[in-house]
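Chemist: My structure is stored as entry_26.pdb, with PDB, C-alpha atoms, pLDDT in the B column.
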```pdb
ATOM      1  CA  MET A 921      -7.835  27.596 -22.153  1.00 41.00           C
ATOM      2  CA  THR A 922      -6.677  27.374 -18.538  1.00 41.00           C
ATOM      3  CA  GLU A 923     -10.267  27.043 -17.398  1.00 40.00           C
ATOM      4  CA  LYS A 924     -10.858  24.076 -19.697  1.00 42.00           C
ATOM      5  CA  THR A 925      -7.732  22.332 -18.425  1.00 41.00           C
ATOM      6  CA  GLU A 926      -8.691  22.848 -14.798  1.00 41.00           C
ATOM      7  CA  ASN A 927     -12.204  21.582 -15.382  1.00 43.00           C
ATOM      8  CA  LYS A 928     -11.042  18.558 -17.304  1.00 42.00           C
ATOM      9  CA  LYS A 929      -8.904  16.944 -14.603  1.00 43.00           C
ATOM     10  CA  PRO A 930     -11.540  16.730 -11.840  1.00 41.00           C
ATOM     11  CA  GLN A 931     -13.972  15.254 -14.387  1.00 40.00           C
ATOM     12  CA  GLU A 932     -11.503  12.554 -15.343  1.00 42.00           C
ATOM     13  CA  LYS A 933     -10.842  11.674 -11.721  1.00 44.00           C
ATOM     14  CA  GLU A 934     -14.528  11.796 -10.902  1.00 45.00           C
ATOM     15  CA  SER A 935     -15.385   9.420 -13.734  1.00 41.00           C
ATOM     16  CA  SER A 936     -12.630   7.093 -12.537  1.00 42.00           C
ATOM     17  CA  SER A 937     -14.056   7.102  -9.004  1.00 43.00           C
ATOM     18  CA  SER A 938     -17.636   6.717 -10.200  1.00 41.00           C
ATOM     19  CA  LYS A 939     -16.531   3.818 -12.412  1.00 43.00           C
ATOM     20  CA  ALA A 940     -15.141   2.108  -9.327  1.00 42.00           C
ATOM     21  CA  LYS A 941     -18.354   2.758  -7.382  1.00 43.00           C
ATOM     22  CA  LYS A 942     -20.519   1.343 -10.157  1.00 42.00           C
ATOM     23  CA  ALA A 943     -18.267  -1.693 -10.345  1.00 40.00           C
ATOM     24  CA  LYS A 944     -18.673  -2.254  -6.613  1.00 41.00           C
ATOM     25  CA  ILE A 945     -22.438  -2.450  -7.006  1.00 42.00           C
ATOM     26  CA  LYS A 946     -22.026  -5.206  -9.583  1.00 62.00           C
ATOM     27  CA  ASN A 947     -19.200  -6.998  -7.813  1.00 70.00           C
ATOM     28  CA  ASP A 948     -18.897  -6.821  -4.031  1.00 81.00           C
ATOM     29  CA  LYS A 949     -15.736  -8.955  -4.098  1.00 87.00           C
ATOM     30  CA  LEU A 950     -13.656  -6.015  -5.344  1.00 92.00           C
ATOM     31  CA  ASN A 951     -10.789  -4.721  -3.228  1.00 93.00           C
ATOM     32  CA  TRP A 952      -7.878  -2.339  -3.766  1.00 94.00           C
ATOM     33  CA  TYR A 953      -4.369  -3.797  -3.835  1.00 94.00           C
ATOM     34  CA  ILE A 954      -0.894  -2.317  -4.160  1.00 93.00           C
ATOM     35  CA  LEU A 955       1.496  -3.525  -6.851  1.00 94.00           C
ATOM     36  CA  ASN A 956       5.263  -3.229  -6.607  1.00 92.00           C
ATOM     37  CA  THR A 957       6.821  -2.016  -9.866  1.00 93.00           C
ATOM     38  CA  TYR A 958      10.179  -0.774 -11.042  1.00 87.00           C
ATOM     39  CA  SER A 959      10.536   2.847  -9.936  1.00 84.00           C
ATOM     40  CA  GLY A 960      10.032   5.207 -12.853  1.00 88.00           C
ATOM     41  CA  HIS A 961       7.990   2.648 -14.807  1.00 92.00           C
ATOM     42  CA  GLU A 962       4.669   3.072 -12.962  1.00 94.00           C
ATOM     43  CA  LYS A 963       2.730   4.587 -15.891  1.00 93.00           C
ATOM     44  CA  LYS A 964       4.153   2.081 -18.361  1.00 94.00           C
ATOM     45  CA  VAL A 965       3.148  -0.797 -16.060  1.00 95.00           C
ATOM     46  CA  ALA A 966      -0.359   0.653 -15.676  1.00 95.00           C
ATOM     47  CA  ALA A 967      -0.685   0.880 -19.486  1.00 95.00           C
ATOM     48  CA  HIS A 968       0.520  -2.740 -19.929  1.00 95.00           C
ATOM     49  CA  LEU A 969      -1.956  -3.895 -17.292  1.00 96.00           C
ATOM     50  CA  GLU A 970      -4.867  -2.046 -18.960  1.00 95.00           C
ATOM     51  CA  GLU A 971      -4.000  -3.809 -22.235  1.00 95.00           C
ATOM     52  CA  LYS A 972      -3.934  -7.225 -20.550  1.00 94.00           C
ATOM     53  CA  ILE A 973      -7.268  -6.592 -18.808  1.00 95.00           C
ATOM     54  CA  GLU A 974      -8.791  -5.735 -22.204  1.00 94.00           C
ATOM     55  CA  ALA A 975      -7.217  -8.720 -23.965  1.00 94.00           C
ATOM     56  CA  ASN A 976      -8.384 -11.143 -21.253  1.00 94.00           C
ATOM     57  CA  GLU A 977     -11.873  -9.591 -21.053  1.00 93.00           C
ATOM     58  CA  MET A 978     -11.545  -8.988 -17.317  1.00 93.00           C
ATOM     59  CA  LYS A 979     -12.975  -5.467 -16.979  1.00 92.00           C
ATOM     60  CA  ASP A 980     -15.636  -6.759 -14.588  1.00 92.00           C
ATOM     61  CA  LYS A 981     -12.964  -8.426 -12.412  1.00 93.00           C
ATOM     62  CA  ILE A 982     -10.157  -5.823 -12.608  1.00 94.00           C
ATOM     63  CA  THR A 983     -11.967  -2.498 -12.710  1.00 93.00           C
ATOM     64  CA  ASP A 984      -9.435   0.244 -12.012  1.00 93.00           C
ATOM     65  CA  VAL A 985      -5.681   0.877 -12.297  1.00 95.00           C
ATOM     66  CA  ILE A 986      -4.256   4.046 -10.763  1.00 93.00           C
ATOM     67  CA  VAL A 987      -0.801   5.607 -10.520  1.00 93.00           C
ATOM     68  CA  PRO A 988      -1.252   7.985  -7.544  1.00 89.00           C
ATOM     69  CA  ILE A 989       0.092  11.410  -8.510  1.00 87.00           C
ATOM     70  CA  HIS A 990      -0.096  14.986  -7.255  1.00 79.00           C
ATOM     71  CA  GLU A 991       0.757  18.194  -9.082  1.00 77.00           C
ATOM     72  CA  LYS A 992       3.664  20.294  -7.858  1.00 74.00           C
ATOM     73  CA  ILE A 993       4.813  23.732  -8.937  1.00 73.00           C
ATOM     74  CA  VAL A 994       8.570  23.700  -9.391  1.00 72.00           C
ATOM     75  CA  VAL A 995      10.379  27.036  -9.335  1.00 70.00           C
ATOM     76  CA  LYS A 996      13.902  27.236 -10.668  1.00 68.00           C
ATOM     77  CA  ASP A 997      15.934  30.119 -12.116  1.00 65.00           C
ATOM     78  CA  GLY A 998      12.952  32.434 -11.780  1.00 64.00           C
ATOM     79  CA  LYS A 999      10.725  30.186 -13.886  1.00 71.00           C
ATOM     80  CA  LYS A1000       7.680  28.232 -12.780  1.00 73.00           C
ATOM     81  CA  ARG A1001       6.406  24.958 -14.197  1.00 76.00           C
ATOM     82  CA  THR A1002       3.874  22.379 -13.058  1.00 78.00           C
ATOM     83  CA  VAL A1003       5.018  18.780 -12.810  1.00 77.00           C
ATOM     84  CA  GLU A1004       3.392  15.537 -11.762  1.00 81.00           C
ATOM     85  CA  GLU A1005       4.873  14.005  -8.647  1.00 79.00           C
ATOM     86  CA  LYS A1006       4.257  10.353  -7.836  1.00 84.00           C
ATOM     87  CA  LEU A1007       2.897   9.932  -4.309  1.00 83.00           C
ATOM     88  CA  PHE A1008       4.313   6.412  -4.008  1.00 87.00           C
ATOM     89  CA  PRO A1009       7.242   5.847  -6.390  1.00 90.00           C
ATOM     90  CA  GLY A1010       7.429   2.196  -7.387  1.00 91.00           C
ATOM     91  CA  TYR A1011       3.761   1.433  -6.655  1.00 93.00           C
ATOM     92  CA  VAL A1012       0.511   1.150  -8.631  1.00 94.00           C
ATOM     93  CA  LEU A1013      -2.999   0.719  -7.184  1.00 94.00           C
ATOM     94  CA  VAL A1014      -5.378  -1.795  -8.720  1.00 95.00           C
ATOM     95  CA  GLN A1015      -9.003  -2.539  -7.858  1.00 94.00           C
ATOM     96  CA  MET A1016      -9.845  -6.162  -8.522  1.00 94.00           C
ATOM     97  CA  GLU A1017     -11.559  -9.337  -7.473  1.00 93.00           C
ATOM     98  CA  MET A1018      -8.756 -11.556  -6.240  1.00 93.00           C
ATOM     99  CA  ASN A1019      -8.779 -15.078  -7.639  1.00 92.00           C
ATOM    100  CA  GLU A1020      -6.275 -17.331  -9.422  1.00 91.00           C
ATOM    101  CA  ASP A1021      -7.067 -15.957 -12.878  1.00 93.00           C
ATOM    102  CA  THR A1022      -6.927 -12.266 -11.993  1.00 94.00           C
ATOM    103  CA  TRP A1023      -3.819 -12.797  -9.842  1.00 93.00           C
ATOM    104  CA  ARG A1024      -2.080 -14.493 -12.778  1.00 93.00           C
ATOM    105  CA  VAL A1025      -2.990 -11.712 -15.245  1.00 94.00           C
ATOM    106  CA  VAL A1026      -1.760  -8.961 -12.932  1.00 95.00           C
ATOM    107  CA  ARG A1027       1.298 -10.785 -11.627  1.00 92.00           C
ATOM    108  CA  ASN A1028       2.469 -11.703 -15.130  1.00 93.00           C
ATOM    109  CA  THR A1029       2.171  -8.140 -16.429  1.00 94.00           C
ATOM    110  CA  GLU A1030       5.502  -6.749 -17.587  1.00 92.00           C
ATOM    111  CA  GLY A1031       7.045  -4.550 -14.888  1.00 93.00           C
ATOM    112  CA  VAL A1032       4.988  -5.896 -11.967  1.00 93.00           C
ATOM    113  CA  THR A1033       7.401  -7.362  -9.418  1.00 92.00           C
ATOM    114  CA  SER A1034       4.907  -8.375  -6.718  1.00 91.00           C
ATOM    115  CA  PHE A1035       1.775  -7.589  -4.755  1.00 91.00           C
ATOM    116  CA  VAL A1036       2.191  -5.936  -1.372  1.00 88.00           C
ATOM    117  CA  GLY A1037       1.477  -8.642   1.207  1.00 82.00           C
ATOM    118  CA  THR A1038       2.636 -12.216   1.620  1.00 69.00           C
ATOM    119  CA  GLU A1039       3.741 -14.180  -1.443  1.00 63.00           C
ATOM    120  CA  LYS A1040       0.516 -16.191  -1.611  1.00 70.00           C
ATOM    121  CA  LYS A1041      -1.913 -13.679  -0.109  1.00 81.00           C
ATOM    122  CA  PRO A1042      -1.808 -10.038  -1.217  1.00 90.00           C
ATOM    123  CA  THR A1043      -3.072  -7.627   1.447  1.00 89.00           C
ATOM    124  CA  PRO A1044      -6.006  -5.415   0.398  1.00 92.00           C
ATOM    125  CA  LEU A1045      -6.100  -1.748   1.369  1.00 88.00           C
ATOM    126  CA  ASN A1046      -8.889  -0.667   3.678  1.00 87.00           C
ATOM    127  CA  GLU A1047     -11.519   1.777   2.436  1.00 85.00           C
ATOM    128  CA  LYS A1048     -10.208   4.645   4.568  1.00 85.00           C
ATOM    129  CA  GLU A1049      -6.711   4.353   3.068  1.00 85.00           C
ATOM    130  CA  VAL A1050      -8.079   4.358  -0.481  1.00 87.00           C
ATOM    131  CA  LYS A1051     -10.296   7.397   0.178  1.00 86.00           C
ATOM    132  CA  SER A1052      -7.341   9.306   1.664  1.00 85.00           C
ATOM    133  CA  ILE A1053      -5.140   8.601  -1.385  1.00 85.00           C
ATOM    134  CA  LEU A1054      -7.855   9.551  -3.895  1.00 83.00           C
ATOM    135  CA  ALA A1055      -8.727  12.699  -1.911  1.00 82.00           C
ATOM    136  CA  PHE A1056      -5.081  13.808  -1.880  1.00 79.00           C
ATOM    137  CA  MET A1057      -4.896  13.288  -5.652  1.00 80.00           C
ATOM    138  CA  ASP A1058      -7.933  15.564  -6.039  1.00 75.00           C
ATOM    139  CA  VAL A1059      -6.386  18.491  -4.133  1.00 68.00           C
ATOM    140  CA  LYS A1060      -6.638  21.395  -6.564  1.00 59.00           C
ATOM    141  CA  GLN A1061      -3.945  23.664  -5.131  1.00 58.00           C
ATOM    142  CA  PRO A1062      -0.537  22.309  -6.157  1.00 58.00           C
ATOM    143  CA  ALA A1063       2.305  22.346  -3.662  1.00 61.00           C
ATOM    144  CA  TYR A1064       5.470  24.319  -4.357  1.00 66.00           C
ATOM    145  CA  THR A1065       9.005  23.070  -4.440  1.00 67.00           C
ATOM    146  CA  ALA A1066      12.123  25.094  -5.160  1.00 69.00           C
ATOM    147  CA  ALA A1067      15.792  24.566  -5.797  1.00 77.00           C
ATOM    148  CA  PHE A1068      16.677  26.699  -2.789  1.00 84.00           C
ATOM    149  CA  ALA A1069      18.258  25.983   0.584  1.00 88.00           C
ATOM    150  CA  VAL A1070      18.605  28.073   3.719  1.00 92.00           C
ATOM    151  CA  GLY A1071      21.820  30.088   3.449  1.00 92.00           C
ATOM    152  CA  ASP A1072      21.757  30.323  -0.371  1.00 92.00           C
ATOM    153  CA  ALA A1073      22.708  33.694  -1.840  1.00 93.00           C
ATOM    154  CA  VAL A1074      20.036  35.156  -4.129  1.00 91.00           C
ATOM    155  CA  ARG A1075      19.435  38.284  -6.198  1.00 91.00           C
ATOM    156  CA  VAL A1076      15.979  39.891  -6.225  1.00 91.00           C
ATOM    157  CA  ASN A1077      14.688  40.259  -9.791  1.00 90.00           C
ATOM    158  CA  ASP A1078      11.335  41.959  -9.192  1.00 86.00           C
ATOM    159  CA  GLY A1079       9.610  44.423  -6.874  1.00 85.00           C
ATOM    160  CA  PRO A1080      10.902  47.330  -4.759  1.00 84.00           C
ATOM    161  CA  PHE A1081      14.050  45.412  -3.795  1.00 88.00           C
ATOM    162  CA  LYS A1082      15.042  44.533  -7.365  1.00 88.00           C
ATOM    163  CA  ASP A1083      18.816  43.890  -7.760  1.00 89.00           C
ATOM    164  CA  PHE A1084      19.323  43.587  -3.997  1.00 91.00           C
ATOM    165  CA  VAL A1085      21.423  40.591  -2.964  1.00 92.00           C
ATOM    166  CA  GLY A1086      20.856  38.625   0.225  1.00 92.00           C
ATOM    167  CA  ALA A1087      20.814  35.223   1.909  1.00 94.00           C
ATOM    168  CA  ILE A1088      17.806  32.945   2.448  1.00 93.00           C
ATOM    169  CA  SER A1089      16.910  32.547   6.125  1.00 94.00           C
ATOM    170  CA  GLU A1090      13.598  30.642   5.786  1.00 92.00           C
ATOM    171  CA  ILE A1091      11.714  28.670   3.114  1.00 90.00           C
ATOM    172  CA  ASN A1092       7.935  28.178   3.037  1.00 87.00           C
ATOM    173  CA  GLU A1093       7.165  25.661   0.292  1.00 80.00           C
ATOM    174  CA  ASP A1094       3.437  25.593   1.127  1.00 77.00           C
ATOM    175  CA  LYS A1095       3.107  29.261   0.152  1.00 81.00           C
ATOM    176  CA  GLY A1096       5.904  29.353  -2.395  1.00 82.00           C
ATOM    177  CA  GLN A1097       7.755  32.016  -0.432  1.00 87.00           C
ATOM    178  CA  ILE A1098      11.172  32.597   1.121  1.00 91.00           C
ATOM    179  CA  LYS A1099      12.483  35.021   3.717  1.00 93.00           C
ATOM    180  CA  VAL A1100      15.639  36.783   2.545  1.00 94.00           C
ATOM    181  CA  LEU A1101      17.975  38.872   4.682  1.00 93.00           C
ATOM    182  CA  LEU A1102      18.709  42.002   2.639  1.00 90.00           C
ATOM    183  CA  SER A1103      21.045  44.856   3.513  1.00 84.00           C
ATOM    184  CA  VAL A1104      18.765  47.908   3.542  1.00 78.00           C
ATOM    185  CA  PHE A1105      20.296  51.260   4.615  1.00 73.00           C
ATOM    186  CA  GLY A1106      23.208  49.368   6.119  1.00 76.00           C
ATOM    187  CA  ARG A1107      20.954  47.134   8.223  1.00 82.00           C
ATOM    188  CA  GLU A1108      20.126  43.469   7.664  1.00 85.00           C
ATOM    189  CA  THR A1109      16.372  43.356   7.018  1.00 86.00           C
ATOM    190  CA  PRO A1110      14.238  40.194   6.587  1.00 91.00           C
ATOM    191  CA  VAL A1111      12.014  40.443   3.503  1.00 91.00           C
ATOM    192  CA  VAL A1112       9.414  37.868   2.414  1.00 91.00           C
ATOM    193  CA  LEU A1113       9.489  37.199  -1.347  1.00 91.00           C
ATOM    194  CA  ASP A1114       7.859  34.780  -3.769  1.00 86.00           C
ATOM    195  CA  PHE A1115      10.050  32.062  -5.312  1.00 87.00           C
ATOM    196  CA  LEU A1116       9.706  33.785  -8.695  1.00 84.00           C
ATOM    197  CA  GLN A1117      11.068  37.079  -7.361  1.00 87.00           C
ATOM    198  CA  VAL A1118      14.610  35.792  -6.831  1.00 88.00           C
ATOM    199  CA  ASN A1119      17.389  34.091  -8.759  1.00 86.00           C
ATOM    200  CA  LYS A1120      19.984  31.909  -7.078  1.00 86.00           C
ATOM    201  CA  LEU A1121      23.555  33.193  -7.361  1.00 86.00           C
TER     202      LEU A1121
END
```
For the file at hand, write its structure as structure tokens.

Modeler:
Amino acid sequence: MTEKTENKKPQEKESSSSKAKKAKIKNDKLNWYILNTYSGHEKKVAAHLEEKIEANEMKDKITDVIVPIHEKIVVKDGKKRTVEEKLFPGYVLVQMEMNEDTWRVVRNTEGVTSFVGTEKKPTPLNEKEVKSILAFMDVKQPAYTAAFAVGDAVRVNDGPFKDFVGAISEINEDKGQIKVLLSVFGRETPVVLDFLQVNKL
């Protein structure tokens, strides 16, 4: 089941990217723009915009709507869960041919507050910026984040140091690890542990 889930996401993203590439062949006036939205309403705005594109038969003029996200593994109370983290809270990317009609459809979509750029002339993203954002979204290895801080007291719940209590001296979110100073044989010893191996006191 895990394998199916992992295979599904890259395919969805790939089809989204290939859709954009095919659209570019048909319409070389397409550019990527950034929309300002209310923070926390990005997905809702994207859904409203997709509906308006469909209703106005503008799929050849407004070809892609993306809420840039990245998966993060959150570790808290010894439990791990994967969550979606928005790369740019309050922003949605849209690929479109900019003209009066398309501008009006996008700008009048519920939740869209403005285009990034001047009031009358939205500023398109350059190709390099778009590729960087899409590439970051496609990173397979999620980043870790934990509800820990240096100096926090923790109890080890797994491994050879189970039930030992110590203080966090370092946090490595990239690897999902912390360094804990434990009292071993009366001496303070630094031990590297995974986020899941400790509980905060």

Chemist: Rounded to one decimal place, report the atom CA of A:Val1003-atom CA of A:Tyr958 distance in Å.

Modeler: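 Taking atom CA of A:Val1003 as the start and atom CA of A:Tyr958 as the end point, the length is 20.3 Å.
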
Chemist: Which is closer to A:Pro988 than all the others in A:Lys1051, A:Arg1075, A:His968, A:Arg1024, using all atoms listed in the file?

Modeler: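 Of all the options, A:Lys1051 lies closest to A:Pro988.
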
Chemist: Which residue gives the smallest distance to A:Glu991 among A:Thr1043, A:Val1111, A:Asp1058, A:Asn956, with all atoms listed in the file counted?

Modeler: A:Asp1058

Chemist: Could you check the closest approach to A:Ala966 for each of A:Ile1091, A:Ile993, A:Thr1029, A:Asp948 and tell me which residue wins, using only C-alpha atoms?

Modeler: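 Nearest candidate to A:Ala966 out of A:Ile1091, A:Ile993, A:Thr1029, A:Asp948: A:Thr1029.
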
Chemist: Find, counting all atoms listed in the file, the residue in A:Arg1107, A:Lys964, A:Lys1120, A:Lys1099 that gets nearest to A:Gly1031.

Modeler: A:Lys964

Chemist: Give me, as an NGL selection string, all polymer residues having an atom no more than 12 Å from A:Pro1110, counting all atoms listed in the file and skipping those fewer than 2 positions away in the same chain.

Modeler: :A and (1081 or 1085-1090 or 1098-1104 or 1107-1108 or 1112-1113)

Chemist: If you keep C-alpha atoms, can you produce a file of those selected residues as a PDB file, keeping the file's coordinate frame?

Modeler:
```pdb
ATOM      1  CA  PHE A1081      14.050  45.412  -3.795  1.00 88.00           C
ATOM      2  CA  VAL A1085      21.423  40.591  -2.964  1.00 92.00           C
ATOM      3  CA  GLY A1086      20.856  38.625   0.225  1.00 92.00           C
ATOM      4  CA  ALA A1087      20.814  35.223   1.909  1.00 94.00           C
ATOM      5  CA  ILE A1088      17.806  32.945   2.448  1.00 93.00           C
ATOM      6  CA  SER A1089      16.910  32.547   6.125  1.00 94.00           C
ATOM      7  CA  GLU A1090      13.598  30.642   5.786  1.00 92.00           C
ATOM      8  CA  ILE A1098      11.172  32.597   1.121  1.00 91.00           C
ATOM      9  CA  LYS A1099      12.483  35.021   3.717  1.00 93.00           C
ATOM     10  CA  VAL A1100      15.639  36.783   2.545  1.00 94.00           C
ATOM     11  CA  LEU A1101      17.975  38.872   4.682  1.00 93.00           C
ATOM     12  CA  LEU A1102      18.709  42.002   2.639  1.00 90.00           C
ATOM     13  CA  SER A1103      21.045  44.856   3.513  1.00 84.00           C
ATOM     14  CA  VAL A1104      18.765  47.908   3.542  1.00 78.00           C
ATOM     15  CA  ARG A1107      20.954  47.134   8.223  1.00 82.00           C
ATOM     16  CA  GLU A1108      20.126  43.469   7.664  1.00 85.00           C
ATOM     17  CA  VAL A1112       9.414  37.868   2.414  1.00 91.00           C
ATOM     18  CA  LEU A1113       9.489  37.199  -1.347  1.00 91.00           C
TER      19      LEU A1113
END
```

Chemist: From the set A:Gly1096, A:Gly1079, A:Gly960, A:Gly1071, which residue has the shortest atom-to-atom contact distance to A:Lys1000, counting all atoms listed in the file?

Modeler: A:Gly1096

Chemist: Specify as JSON, numbers by chain each residue included when the PyMOL selection byres ((chain A and resi 1046) around 12) is applied to this file.

Modeler: {"A": [950, 951, 952, 953, 954, 1015, 1043, 1044, 1045, 1047, 1048, 1049, 1050, 1051, 1052, 1053]}

Chemist: Which residues would end up in the selection if the PyMOL selection byres ((chain A and resi 955) around 7) were applied here, given that I need the answer as a PyMOL selection string?

Modeler: chain A and resi 953-954+956-957+1011-1013+1032+1034-1036

Chemist: Quote the spacing between atom CA of A:His961 and atom CA of A:Gly1010 in Å to one decimal place.

Modeler: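 One can read the atom CA of A:His961 to atom CA of A:Gly1010 distance as 7.5 Å.
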
Chemist: Could you tell me how far atom CA of A:Glu962 lies from atom CA of A:Lys1095, in Å and to one decimal?

Modeler: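 For atom CA of A:Glu962 relative to atom CA of A:Lys1095, the distance reads 29.3 Å.
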
Chemist: A:Val985, A:Val995, A:Phe1115, A:Leu969: which is nearest A:Asn1092, counting only C-alpha atoms?

Modeler: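 For A:Asn1092, the nearest of the candidates is A:Phe1115.
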
Chemist: Run the PyMOL selection byres ((chain A and resi 973) around 12) on the file and write out the hits as a VMD selection string.

Modeler: chain A and resid 966 to 972 974 to 985 1014 to 1016 1021 to 1029

Chemist: Within 9 Å of A:Ile989, counting only C-alpha atoms, which residues show up once you throw out same-chain ones fewer than 3 positions away? Write them as a PDB file with C-alpha atoms, in the coordinates of the input, please.

Modeler:
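As written to disk, selection15.pdb reads:
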```pdb
ATOM      1  CA  ILE A 986      -4.256   4.046 -10.763  1.00 93.00           C
ATOM      2  CA  GLU A1004       3.392  15.537 -11.762  1.00 81.00           C
ATOM      3  CA  GLU A1005       4.873  14.005  -8.647  1.00 79.00           C
ATOM      4  CA  LYS A1006       4.257  10.353  -7.836  1.00 84.00           C
ATOM      5  CA  LEU A1007       2.897   9.932  -4.309  1.00 83.00           C
ATOM      6  CA  PHE A1008       4.313   6.412  -4.008  1.00 87.00           C
ATOM      7  CA  PHE A1056      -5.081  13.808  -1.880  1.00 79.00           C
ATOM      8  CA  MET A1057      -4.896  13.288  -5.652  1.00 80.00           C
TER       9      MET A1057
END
```
